[in-house]
$ cat upload09.cif   # mmCIF, C-alpha atoms
data_coords
#
loop_
_atom_site.label_atom_id
_atom_site.label_comp_id
_atom_site.auth_asym_id
_atom_site.auth_seq_id
_atom_site.Cartn_x
_atom_site.Cartn_y
_atom_site.Cartn_z
CA MET A 166 0.00 0.00 0.00
CA MET A 167 1.14 3.53 -0.74
CA PHE A 168 -0.15 7.08 -0.91
CA SER A 169 -1.13 8.55 -4.27
CA PRO A 170 1.00 11.36 -5.76
CA LYS A 171 -1.69 13.90 -4.85
CA GLU A 172 -1.74 12.62 -1.26
CA ILE A 173 2.06 12.84 -1.19
CA ALA A 174 1.86 16.47 -2.33
CA THR A 175 -0.56 17.36 0.46
CA GLN A 176 1.55 15.44 2.97
CA THR A 177 4.73 17.20 1.78
CA VAL A 178 3.16 20.61 2.36
CA GLY A 179 2.19 19.56 5.90
CA ILE A 180 5.67 18.27 6.63
CA GLY A 181 7.10 21.50 5.23
CA LYS A 182 4.91 23.56 7.56
CA ALA A 183 6.21 21.63 10.56
CA LYS A 184 9.80 22.06 9.42
CA ALA A 185 9.36 25.78 8.77
CA SER A 186 7.84 26.35 12.21
CA ASN A 187 10.55 24.54 14.16
CA THR A 188 12.87 26.55 16.43
CA PRO A 189 16.38 27.51 15.28
CA GLY A 190 17.96 25.49 18.09
CA LYS A 191 16.14 22.30 17.15
CA LEU A 192 16.87 22.88 13.46
CA LEU A 193 20.59 23.23 14.19
CA LEU A 194 20.65 20.01 16.22
CA LEU A 195 18.62 18.05 13.69
CA GLY A 196 20.74 19.52 10.89
CA PHE A 197 23.87 18.38 12.72
CA MET A 198 22.47 14.84 12.86
CA ALA A 199 21.63 14.82 9.15
CA GLY A 200 25.09 16.17 8.29
CA MET A 201 26.61 13.26 10.23
CA PHE A 202 24.30 10.71 8.62
CA ILE A 203 25.14 11.82 5.09
CA ALA A 204 28.84 11.94 6.01
CA PHE A 205 28.72 8.36 7.27
CA GLY A 206 27.32 7.31 3.89
CA ALA A 207 30.18 9.20 2.25
CA VAL A 208 32.76 7.51 4.50
CA ALA A 209 31.34 4.13 3.52
CA ALA A 210 31.42 5.05 -0.17
CA ASN A 211 35.05 6.20 -0.05
CA THR A 212 36.10 3.17 1.96
CA ILE A 213 34.44 0.45 -0.13
CA SER A 214 35.68 1.92 -3.42
CA ALA A 215 39.25 2.65 -2.32
CA THR A 216 40.91 -0.54 -3.57
CA ILE A 217 38.78 -1.30 -6.65
CA PRO A 218 41.00 -0.61 -9.69
CA LEU A 219 38.25 -0.30 -12.31
CA ALA A 220 36.79 3.18 -11.87
CA SER A 221 33.26 2.32 -13.01
CA VAL A 222 33.04 -0.64 -10.63
CA ALA A 223 34.46 1.45 -7.79
CA LYS A 224 31.83 4.11 -8.47
CA ALA A 225 29.06 1.50 -8.47
CA ALA A 226 30.27 0.07 -5.16
CA GLY A 227 30.29 3.49 -3.54
CA ALA A 228 26.86 4.29 -4.96
CA ALA A 229 25.49 1.04 -3.54
CA VAL A 230 26.33 1.96 0.06
CA PHE A 231 25.94 5.75 0.06
CA PRO A 232 22.10 5.69 0.38
CA VAL A 233 22.45 4.53 3.99
CA GLY A 234 22.91 8.22 4.82
CA LEU A 235 19.53 9.34 3.48
CA ALA A 236 17.90 6.25 4.98
CA MET A 237 19.05 7.40 8.42
CA VAL A 238 17.90 10.95 7.71
CA LEU A 239 14.40 9.83 6.76
CA ILE A 240 13.88 7.13 9.38
CA ALA A 241 15.78 8.38 12.45
CA GLY A 242 14.54 11.95 12.17
CA SER A 243 16.76 14.85 11.16
CA GLU A 244 16.88 17.91 8.90
CA LEU A 245 18.67 17.77 5.54
CA PHE A 246 19.04 20.95 3.49
CA THR A 247 18.72 19.27 0.11
CA GLY A 248 15.53 17.43 1.04
CA ASN A 249 14.19 20.59 2.65
CA CYS A 250 14.29 22.29 -0.74
CA LEU A 251 10.86 20.64 -1.07
CA ILE A 252 9.57 23.23 1.42
CA THR A 253 9.27 25.39 -1.70
CA LEU A 254 6.14 23.36 -2.46
CA GLY A 255 4.38 25.02 0.48
CA VAL A 256 5.77 28.42 -0.52
CA PHE A 257 4.50 28.03 -4.09
CA ASN A 258 1.13 27.00 -2.63
CA LYS A 259 1.14 30.10 -0.37
CA GLU A 260 0.95 28.05 2.82
CA ILE A 261 4.50 28.72 4.03
CA SER A 262 6.19 32.12 4.07
CA PRO A 263 9.50 32.54 2.21
CA LEU A 264 11.04 33.93 5.42
CA ALA A 265 10.09 30.82 7.41
CA MET A 266 11.59 28.65 4.65
CA LEU A 267 14.82 30.66 4.65
CA LYS A 268 15.06 30.38 8.45
CA ASN A 269 14.85 26.61 8.11
CA TRP A 270 17.38 26.49 5.29
CA VAL A 271 19.98 28.66 7.04
CA CYS A 272 19.79 26.82 10.37
CA VAL A 273 19.75 23.38 8.77
CA TYR A 274 22.56 24.25 6.35
CA ILE A 275 24.79 25.37 9.22
CA GLY A 276 23.92 22.25 11.20
CA ASN A 277 24.62 20.03 8.18
CA PHE A 278 28.01 21.68 7.70
CA ILE A 279 29.00 21.19 11.34
CA GLY A 280 27.89 17.56 11.22
CA GLY A 281 29.85 16.83 8.05
CA LEU A 282 32.98 18.55 9.38
CA PHE A 283 32.63 16.70 12.69
CA VAL A 284 32.69 13.34 10.91
CA SER A 285 35.64 14.50 8.76
CA VAL A 286 37.67 15.24 11.88
CA LEU A 287 36.70 11.98 13.58
CA THR A 288 37.40 9.94 10.45
CA PHE A 289 40.88 11.45 10.26
CA ALA A 290 41.54 10.98 13.99
CA SER A 291 40.23 7.41 13.99
CA GLY A 292 42.73 6.23 11.39
CA ASN A 293 40.04 5.23 8.89
CA LEU A 294 41.87 7.06 6.12
CA GLY A 295 44.92 4.84 6.68
CA LEU A 296 43.05 1.66 5.80
CA PHE A 297 44.40 -0.58 3.00
CA GLY A 298 47.83 1.03 3.04
CA ASN A 299 46.48 4.60 2.94
CA ALA A 300 44.25 3.76 -0.04
CA VAL A 301 41.22 5.36 1.64
CA ALA A 302 43.20 8.58 2.13
CA VAL A 303 44.21 8.55 -1.53
CA ASN A 304 40.60 8.02 -2.56
CA THR A 305 39.42 10.76 -0.22
CA ILE A 306 41.95 13.27 -1.53
CA GLY A 307 41.20 12.25 -5.12
CA THR A 308 37.47 12.70 -4.63
CA ALA A 309 37.96 16.15 -3.08
CA ALA A 310 40.32 17.19 -5.88
CA ALA A 311 37.84 16.15 -8.58
CA LYS A 312 35.05 18.12 -6.92
CA CYS A 313 37.22 21.21 -6.48
CA SER A 314 38.18 21.03 -10.18
CA LEU A 315 34.64 21.59 -11.47
CA ASP A 316 33.90 24.88 -13.21
CA PHE A 317 31.09 27.02 -11.79
CA GLY A 318 28.51 26.26 -14.49
CA SER A 319 29.14 22.52 -14.44
CA ALA A 320 28.78 22.47 -10.67
CA ILE A 321 25.41 24.25 -10.88
CA CYS A 322 24.10 21.83 -13.51
CA SER A 323 25.37 18.83 -11.59
CA GLY A 324 23.73 20.19 -8.43
CA ILE A 325 20.40 20.59 -10.26
CA MET A 326 20.39 16.98 -11.45
CA CYS A 327 21.47 15.71 -8.05
CA ASN A 328 18.68 17.36 -6.13
CA ILE A 329 16.01 16.45 -8.64
CA LEU A 330 16.90 12.85 -7.76
CA VAL A 331 17.24 13.48 -4.02
CA CYS A 332 13.89 15.26 -3.82
CA ILE A 333 12.26 12.52 -5.88
CA ALA A 334 13.77 10.01 -3.43
CA VAL A 335 12.28 11.93 -0.49
CA TRP A 336 8.96 12.32 -2.35
CA MET A 337 8.79 8.59 -3.06
CA SER A 338 9.64 7.76 0.56
CA PHE A 339 6.68 9.90 1.68
CA GLY A 340 4.50 7.64 -0.47
CA ALA A 341 5.44 4.51 1.47
CA LYS A 342 3.65 3.43 4.62
CA SER A 343 6.36 1.21 6.13
CA ILE A 344 10.01 1.63 7.04
CA GLY A 345 11.02 -1.00 4.51
CA GLY A 346 8.96 0.70 1.84
CA LYS A 347 10.52 4.09 2.57
CA ILE A 348 14.05 2.70 2.31
CA ALA A 349 13.26 0.80 -0.88
CA ALA A 350 11.64 3.89 -2.43
CA MET A 351 14.56 6.23 -1.79
CA TYR A 352 17.38 3.81 -2.56
CA LEU A 353 17.54 3.80 -6.37
CA PRO A 354 17.28 7.58 -7.00
CA VAL A 355 20.07 8.21 -4.48
CA MET A 356 22.21 5.43 -5.90
CA THR A 357 21.66 6.92 -9.36
CA PHE A 358 22.92 10.40 -8.46
CA VAL A 359 26.05 8.99 -6.80
CA LEU A 360 26.74 6.62 -9.69
CA ALA A 361 26.34 9.47 -12.18
CA GLY A 362 28.66 11.70 -10.15
CA PHE A 363 26.18 14.50 -9.54
CA GLU A 364 26.96 17.07 -6.84
CA HIS A 365 25.26 17.08 -3.43
CA SER A 366 26.10 20.09 -1.25
CA VAL A 367 25.75 18.30 2.10
CA ALA A 368 27.71 15.24 0.97
CA ASN A 369 30.46 17.60 -0.20
CA MET A 370 30.60 19.08 3.29
CA TYR A 371 32.23 15.75 4.13
CA PHE A 372 33.88 14.73 0.86
CA ILE A 373 35.87 17.95 0.48
CA THR A 374 36.57 18.81 4.12
CA ALA A 375 37.84 15.25 4.57
CA GLY A 376 40.20 15.82 1.65
CA ILE A 377 41.38 19.14 3.10
CA ILE A 378 42.12 17.48 6.43
CA ALA A 379 43.64 14.33 4.89
CA LYS A 380 46.28 16.29 2.96
CA THR A 381 47.66 17.68 6.25
CA ASN A 382 49.07 14.21 6.95
CA PRO A 383 52.41 13.89 5.10
CA ALA A 384 52.01 10.15 4.53
CA TYR A 385 48.53 10.56 3.08
CA LEU A 386 49.63 13.46 0.90
CA GLU A 387 52.68 11.58 -0.39
CA ALA A 388 50.53 8.56 -1.28
CA ALA A 389 48.01 10.75 -3.07
CA LEU A 390 50.69 12.55 -5.09
CA ALA A 391 52.28 9.22 -6.00
CA ALA A 392 48.87 8.10 -7.29
CA GLY A 393 48.65 11.20 -9.49
CA LYS A 394 46.03 13.10 -7.44
CA ASN A 395 46.04 16.89 -7.79
CA ALA A 396 46.07 17.74 -4.09
CA ASP A 397 47.16 21.33 -4.75
CA ILE A 398 43.68 22.29 -5.96
CA ILE A 399 42.08 21.31 -2.65
CA SER A 400 41.62 24.36 -0.40
CA TRP A 401 38.96 26.10 1.63
CA GLY A 402 38.60 28.67 -1.14
CA SER A 403 38.11 26.13 -3.92
CA PHE A 404 35.69 24.26 -1.68
CA LEU A 405 33.51 27.15 -0.52
CA GLY A 406 33.54 29.35 -3.61
CA GLY A 407 34.32 26.88 -6.36
CA ASN A 408 32.14 23.96 -5.31
CA LEU A 409 29.80 24.52 -2.38
CA LEU A 410 28.32 27.81 -3.63
CA PRO A 411 27.41 26.68 -7.17
CA VAL A 412 26.34 23.22 -6.01
CA THR A 413 24.04 24.75 -3.39
CA ILE A 414 22.51 27.02 -6.04
CA GLY A 415 21.97 24.00 -8.27
CA ASN A 416 20.48 21.95 -5.44
CA ILE A 417 17.95 24.72 -4.71
CA ILE A 418 16.97 24.95 -8.38
CA GLY A 419 16.58 21.18 -8.67
CA GLY A 420 14.43 20.90 -5.56
CA ALA A 421 12.30 23.88 -6.51
CA LEU A 422 11.74 22.43 -9.98
CA VAL A 423 10.33 19.22 -8.52
CA ALA A 424 8.12 21.22 -6.13
CA LEU A 425 6.88 23.57 -8.86
CA VAL A 426 5.88 20.77 -11.23
CA TYR A 427 4.03 18.78 -8.57
CA ARG A 428 2.36 21.87 -7.17
CA THR A 429 1.10 22.72 -10.66
CA VAL A 430 -0.17 19.20 -11.28
CA TYR A 431 -1.55 18.16 -7.89
CA LEU A 432 -2.23 21.25 -5.78
CA ARG A 433 -2.97 24.20 -8.05
CA GLU A 434 -6.50 22.97 -8.72
CA ASN A 435 -7.20 23.23 -5.00
CA LYS A 436 -6.52 26.98 -5.20
CA ASN A 437 -8.91 27.60 -8.09
#

$ encode --input "upload09.cif" --output "structure tokens"
Amino acid sequence: MMFSPKEIATQTVGIGKAKASNTPGKLLLLGFMAGMFIAFGAVAANTISATIPLASVAKAAGAAVFPVGLAMVLIAGSELFTGNCLITLGVFNKEISPLAMLKNWVCVYIGNFIGGLFVSVLTFASGNLGLFGNAVAVNTIGTAAAKCSLDFGSAICSGIMCNILVCIAVWMSFGAKSIGGKIAAMYLPVMTFVLAGFEHSVANMYFITAGIIAKTNPAYLEAALAAGKNADIISWGSFLGGNLLPVTIGNIIGGALVALVYRTVYLRENKN
């Protein structure tokens, strides 16, 4: 059993209202949890793919485990910026104020960033990056370098495609009535965006900060350079201005596009 698309639309507006009315303190804490959850999925993806020589197979392995992050977000209860781009559905339907939406986004975004950075620090301190003869560190630095190498326009477009899939994953999970159904519904869209290499702002709060931190270890940096990774491009500037800003813009556009289409199809008639 599942809800119909129209029922999902109505439910999504109601969930958005609750999210938009939550207090900044709770949003920060729940955002912190979601940032950690997504980061754990990213840690798993980097770890499982670190020693697979064929790039396409390595990408598929990482994509297969990464969805655990969104599963925890949806089931355990937390606030994820990319999923919360669906709050625009309530704004388009004039049931949520833009200011309330922005309050949610700012608080959750900050919480997500802290959560992702927290896991980056712990992953480094735990020795996870040294697994398989520093192969995880090499993979982590390589992933960060690739993301920091994107041009602004490509990062926006990649962010749009990513969050179309993420918001569809969240939308589909709202249609399920059981925990198993919710996980099954969200799994394939999330796996698809990771496999395709699309850009997710919150995931990058781990992927790139982990690379920035990893390159401070001389052994990790030496191994990455020996593997041909361009560690020089990884910096806070290339992360914040070159990746996170355009990817965030793209994520907002992608989420708003999903919301606008479904509002037009399923909710606009209720306003006539």

$ closest_atom_pairs --input "upload09.cif" --of "segment 252-309 of chain A" --to "segment 356-376 of chain A" --cutoff "12 Å" --atoms "all atoms listed in the file" --output "CSV"
residue,atom,partner,partner_atom,distance
A:Val273,CA,A:Val367,CA,10.3
A:Tyr274,CA,A:Val367,CA,8.0
A:Ile275,CA,A:Val367,CA,10.1
A:Gly276,CA,A:Val367,CA,10.1
A:Asn277,CA,A:Val367,CA,6.4
A:Phe278,CA,A:Met370,CA,5.7
A:Ile279,CA,A:Met370,CA,8.5
A:Gly280,CA,A:Tyr371,CA,8.5
A:Gly281,CA,A:Tyr371,CA,4.7
A:Leu282,CA,A:Tyr371,CA,6.0
A:Phe283,CA,A:Tyr371,CA,8.6
A:Val284,CA,A:Tyr371,CA,7.2
A:Ser285,CA,A:Ala375,CA,4.8
A:Val286,CA,A:Ala375,CA,7.3
A:Leu287,CA,A:Ala375,CA,9.7
A:Thr288,CA,A:Ala375,CA,7.9
A:Phe289,CA,A:Ala375,CA,7.5
A:Ala290,CA,A:Ala375,CA,11.0
A:Asn293,CA,A:Ala375,CA,11.1
A:Leu294,CA,A:Ala375,CA,9.3
A:Val301,CA,A:Gly376,CA,10.5
A:Ala302,CA,A:Gly376,CA,7.9
A:Val303,CA,A:Gly376,CA,8.9
A:Asn304,CA,A:Gly376,CA,8.9
A:Thr305,CA,A:Gly376,CA,5.5
A:Ile306,CA,A:Gly376,CA,4.4
A:Gly307,CA,A:Gly376,CA,7.7
A:Thr308,CA,A:Phe372,CA,6.9
A:Ala309,CA,A:Ile373,CA,4.5

$ write_last_selection --input "upload09.cif" --atoms "C-alpha atoms" --output "PDB file, in the frame of the given file"
ATOM      1  CA  VAL A 273      19.750  23.380   8.770  1.00  0.00           C
ATOM      2  CA  TYR A 274      22.560  24.250   6.350  1.00  0.00           C
ATOM      3  CA  ILE A 275      24.790  25.370   9.220  1.00  0.00           C
ATOM      4  CA  GLY A 276      23.920  22.250  11.200  1.00  0.00           C
ATOM      5  CA  ASN A 277      24.620  20.030   8.180  1.00  0.00           C
ATOM      6  CA  PHE A 278      28.010  21.680   7.700  1.00  0.00           C
ATOM      7  CA  ILE A 279      29.000  21.190  11.340  1.00  0.00           C
ATOM      8  CA  GLY A 280      27.890  17.560  11.220  1.00  0.00           C
ATOM      9  CA  GLY A 281      29.850  16.830   8.050  1.00  0.00           C
ATOM     10  CA  LEU A 282      32.980  18.550   9.380  1.00  0.00           C
ATOM     11  CA  PHE A 283      32.630  16.700  12.690  1.00  0.00           C
ATOM     12  CA  VAL A 284      32.690  13.340  10.910  1.00  0.00           C
ATOM     13  CA  SER A 285      35.640  14.500   8.760  1.00  0.00           C
ATOM     14  CA  VAL A 286      37.670  15.240  11.880  1.00  0.00           C
ATOM     15  CA  LEU A 287      36.700  11.980  13.580  1.00  0.00           C
ATOM     16  CA  THR A 288      37.400   9.940  10.450  1.00  0.00           C
ATOM     17  CA  PHE A 289      40.880  11.450  10.260  1.00  0.00           C
ATOM     18  CA  ALA A 290      41.540  10.980  13.990  1.00  0.00           C
ATOM     19  CA  ASN A 293      40.040   5.230   8.890  1.00  0.00           C
ATOM     20  CA  LEU A 294      41.870   7.060   6.120  1.00  0.00           C
ATOM     21  CA  VAL A 301      41.220   5.360   1.640  1.00  0.00           C
ATOM     22  CA  ALA A 302      43.200   8.580   2.130  1.00  0.00           C
ATOM     23  CA  VAL A 303      44.210   8.550  -1.530  1.00  0.00           C
ATOM     24  CA  ASN A 304      40.600   8.020  -2.560  1.00  0.00           C
ATOM     25  CA  THR A 305      39.420  10.760  -0.220  1.00  0.00           C
ATOM     26  CA  ILE A 306      41.950  13.270  -1.530  1.00  0.00           C
ATOM     27  CA  GLY A 307      41.200  12.250  -5.120  1.00  0.00           C
ATOM     28  CA  THR A 308      37.470  12.700  -4.630  1.00  0.00           C
ATOM     29  CA  ALA A 309      37.960  16.150  -3.080  1.00  0.00           C
TER      30      ALA A 309
END

$ resolve_selection --input "upload09.cif" --expression "the PyMOL selection byres ((chain A and resi 254) around 8)" --output "list in words"
Thr177, Val178, Gly181, Leu251, Ile252, Thr253, Gly255, Val256, Phe257, Asn258, Ala421, Ala424, Leu425, Tyr427 and Arg428 of chain A

$ closest_residue --input "upload09.cif" --among "A:Leu386, A:Lys268, A:Cys313, A:Ala349" --to "Val233 of chain A" --atoms "all atoms listed in the file"
A:Ala349

$ closest_residue --input "upload09.cif" --among "A:Ala300, A:Gly340, A:Leu315, A:Gly179" --to "Ala379 of chain A" --atoms "only C-alpha atoms"
A:Ala300

$ resolve_selection --input "upload09.cif" --expression "the PyMOL selection byres ((chain A and resi 409) around 9)" --output "PyMOL selection string"
chain A and resi 320+365-367+369-370+403-408+410-414

$ closest_residue --input "upload09.cif" --among "A:Asn395, A:Ser343, A:Ser262, A:Ser291" --to "Lys312 of chain A" --atoms "all atoms listed in the file"
A:Asn395

$ residues_around --input "upload09.cif" --residues "Ala210 of chain A" --least-positions-apart "6" --cutoff "6 Å" --atoms "all atoms listed in the file" --output "PyMOL selection string"
chain A and resi 227+230-231

$ write_last_selection --input "upload09.cif" --atoms "C-alpha atoms" --output "mmCIF file, in the frame of the given file"
data_model
loop_
_atom_site.group_PDB
_atom_site.id
_atom_site.type_symbol
_atom_site.label_atom_id
_atom_site.label_comp_id
_atom_site.auth_asym_id
_atom_site.auth_seq_id
_atom_site.Cartn_x
_atom_site.Cartn_y
_atom_site.Cartn_z
ATOM 1 C CA GLY A 227 30.290 3.490 -3.540
ATOM 2 C CA VAL A 230 26.330 1.960 0.060
ATOM 3 C CA PHE A 231 25.940 5.750 0.060
#

$ resolve_selection --input "upload09.cif" --expression "the PyMOL selection byres ((chain A and resi 326-338) around 9)" --output "number ranges by chain"
A: 170, 173-174, 177, 235, 239, 247-251, 321-325, 339-342, 344, 346-355, 357-359, 361-365, 415-424

$ atom_distance --input "upload09.cif" --atom1 "atom CA of Lys224 of chain A" --atom2 "atom CA of Phe197 of chain A"
26.8 Å

$ closest_residue --input "upload09.cif" --among "A:Ala223, A:Leu432, A:Ala236, A:Ala209" --to "Thr175 of chain A" --atoms "only C-alpha atoms"
A:Leu432

$ atom_distance --input "upload09.cif" --atom1 "atom CA of Tyr431 of chain A" --atom2 "atom CA of Glu172 of chain A"
8.6 Å

$ atom_distance --input "upload09.cif" --atom1 "atom CA of Leu219 of chain A" --atom2 "atom CA of Asn382 of chain A"
26.4 Å

$ decode --input "upload09.cif" --residues "segment 404-414 of chain A" --atoms "all heavy atoms" --output "mmCIF file, in the first residue's frame"
data_model
loop_
_atom_site.group_PDB
_atom_site.id
_atom_site.type_symbol
_atom_site.label_atom_id
_atom_site.label_comp_id
_atom_site.auth_asym_id
_atom_site.auth_seq_id
_atom_site.Cartn_x
_atom_site.Cartn_y
_atom_site.Cartn_z
ATOM 1 N N PHE A 404 36.849 24.964 -2.210
ATOM 2 C CA PHE A 404 35.691 24.256 -1.682
ATOM 3 C C PHE A 404 34.486 25.178 -1.560
ATOM 4 O O PHE A 404 33.424 24.927 -2.143
ATOM 5 C CB PHE A 404 36.049 23.659 -0.319
ATOM 6 C CG PHE A 404 34.862 23.192 0.500
ATOM 7 C CD1 PHE A 404 33.797 22.507 -0.078
ATOM 8 C CD2 PHE A 404 34.823 23.445 1.868
ATOM 9 C CE1 PHE A 404 32.715 22.077 0.692
ATOM 10 C CE2 PHE A 404 33.749 23.020 2.639
ATOM 11 C CZ PHE A 404 32.693 22.341 2.049
ATOM 12 N N LEU A 405 34.653 26.283 -0.823
ATOM 13 C CA LEU A 405 33.512 27.145 -0.517
ATOM 14 C C LEU A 405 33.023 27.911 -1.742
ATOM 15 O O LEU A 405 31.817 27.957 -2.025
ATOM 16 C CB LEU A 405 33.883 28.112 0.607
ATOM 17 C CG LEU A 405 34.223 27.465 1.961
ATOM 18 C CD1 LEU A 405 34.719 28.514 2.952
ATOM 19 C CD2 LEU A 405 33.027 26.714 2.524
ATOM 20 N N GLY A 406 33.942 28.527 -2.476
ATOM 21 C CA GLY A 406 33.539 29.350 -3.615
ATOM 22 C C GLY A 406 33.434 28.604 -4.921
ATOM 23 O O GLY A 406 32.591 28.917 -5.768
ATOM 24 N N GLY A 407 34.288 27.589 -5.092
ATOM 25 C CA GLY A 407 34.324 26.880 -6.360
ATOM 26 C C GLY A 407 33.396 25.691 -6.447
ATOM 27 O O GLY A 407 33.034 25.263 -7.543
ATOM 28 N N ASN A 408 33.017 25.128 -5.290
ATOM 29 C CA ASN A 408 32.135 23.964 -5.314
ATOM 30 C C ASN A 408 30.854 24.181 -4.512
ATOM 31 O O ASN A 408 29.753 24.071 -5.056
ATOM 32 C CB ASN A 408 32.867 22.729 -4.792
ATOM 33 C CG ASN A 408 32.004 21.479 -4.821
ATOM 34 O OD1 ASN A 408 31.184 21.244 -3.936
ATOM 35 N ND2 ASN A 408 32.170 20.654 -5.842
ATOM 36 N N LEU A 409 30.983 24.496 -3.235
ATOM 37 C CA LEU A 409 29.800 24.519 -2.375
ATOM 38 C C LEU A 409 28.784 25.570 -2.814
ATOM 39 O O LEU A 409 27.574 25.305 -2.817
ATOM 40 C CB LEU A 409 30.212 24.762 -0.919
ATOM 41 C CG LEU A 409 29.120 24.482 0.130
ATOM 42 C CD1 LEU A 409 28.665 23.033 0.068
ATOM 43 C CD2 LEU A 409 29.621 24.827 1.535
ATOM 44 N N LEU A 410 29.252 26.749 -3.199
ATOM 45 C CA LEU A 410 28.321 27.807 -3.629
ATOM 46 C C LEU A 410 27.537 27.401 -4.877
ATOM 47 O O LEU A 410 26.289 27.424 -4.855
ATOM 48 C CB LEU A 410 29.084 29.116 -3.863
ATOM 49 C CG LEU A 410 28.248 30.275 -4.415
ATOM 50 C CD1 LEU A 410 27.109 30.630 -3.467
ATOM 51 C CD2 LEU A 410 29.136 31.504 -4.674
ATOM 52 N N PRO A 411 28.203 27.038 -5.988
ATOM 53 C CA PRO A 411 27.415 26.676 -7.174
ATOM 54 C C PRO A 411 26.585 25.408 -6.986
ATOM 55 O O PRO A 411 25.468 25.312 -7.512
ATOM 56 C CB PRO A 411 28.474 26.482 -8.265
ATOM 57 C CG PRO A 411 29.740 26.207 -7.540
ATOM 58 C CD PRO A 411 29.658 27.009 -6.290
ATOM 59 N N VAL A 412 27.098 24.450 -6.233
ATOM 60 C CA VAL A 412 26.336 23.217 -6.013
ATOM 61 C C VAL A 412 25.080 23.507 -5.195
ATOM 62 O O VAL A 412 24.001 22.968 -5.479
ATOM 63 C CB VAL A 412 27.210 22.149 -5.321
ATOM 64 C CG1 VAL A 412 26.357 20.969 -4.847
ATOM 65 C CG2 VAL A 412 28.289 21.652 -6.278
ATOM 66 N N THR A 413 25.209 24.371 -4.206
ATOM 67 C CA THR A 413 24.044 24.746 -3.394
ATOM 68 C C THR A 413 22.995 25.441 -4.255
ATOM 69 O O THR A 413 21.793 25.158 -4.141
ATOM 70 C CB THR A 413 24.470 25.665 -2.235
ATOM 71 O OG1 THR A 413 25.399 24.963 -1.399
ATOM 72 C CG2 THR A 413 23.268 26.089 -1.405
ATOM 73 N N ILE A 414 23.437 26.344 -5.116
ATOM 74 C CA ILE A 414 22.506 27.016 -6.037
ATOM 75 C C ILE A 414 21.794 25.975 -6.900
ATOM 76 O O ILE A 414 20.569 26.004 -7.076
ATOM 77 C CB ILE A 414 23.253 28.033 -6.918
ATOM 78 C CG1 ILE A 414 23.778 29.191 -6.076
ATOM 79 C CG2 ILE A 414 22.342 28.555 -8.038
ATOM 80 C CD1 ILE A 414 24.723 30.121 -6.822
#
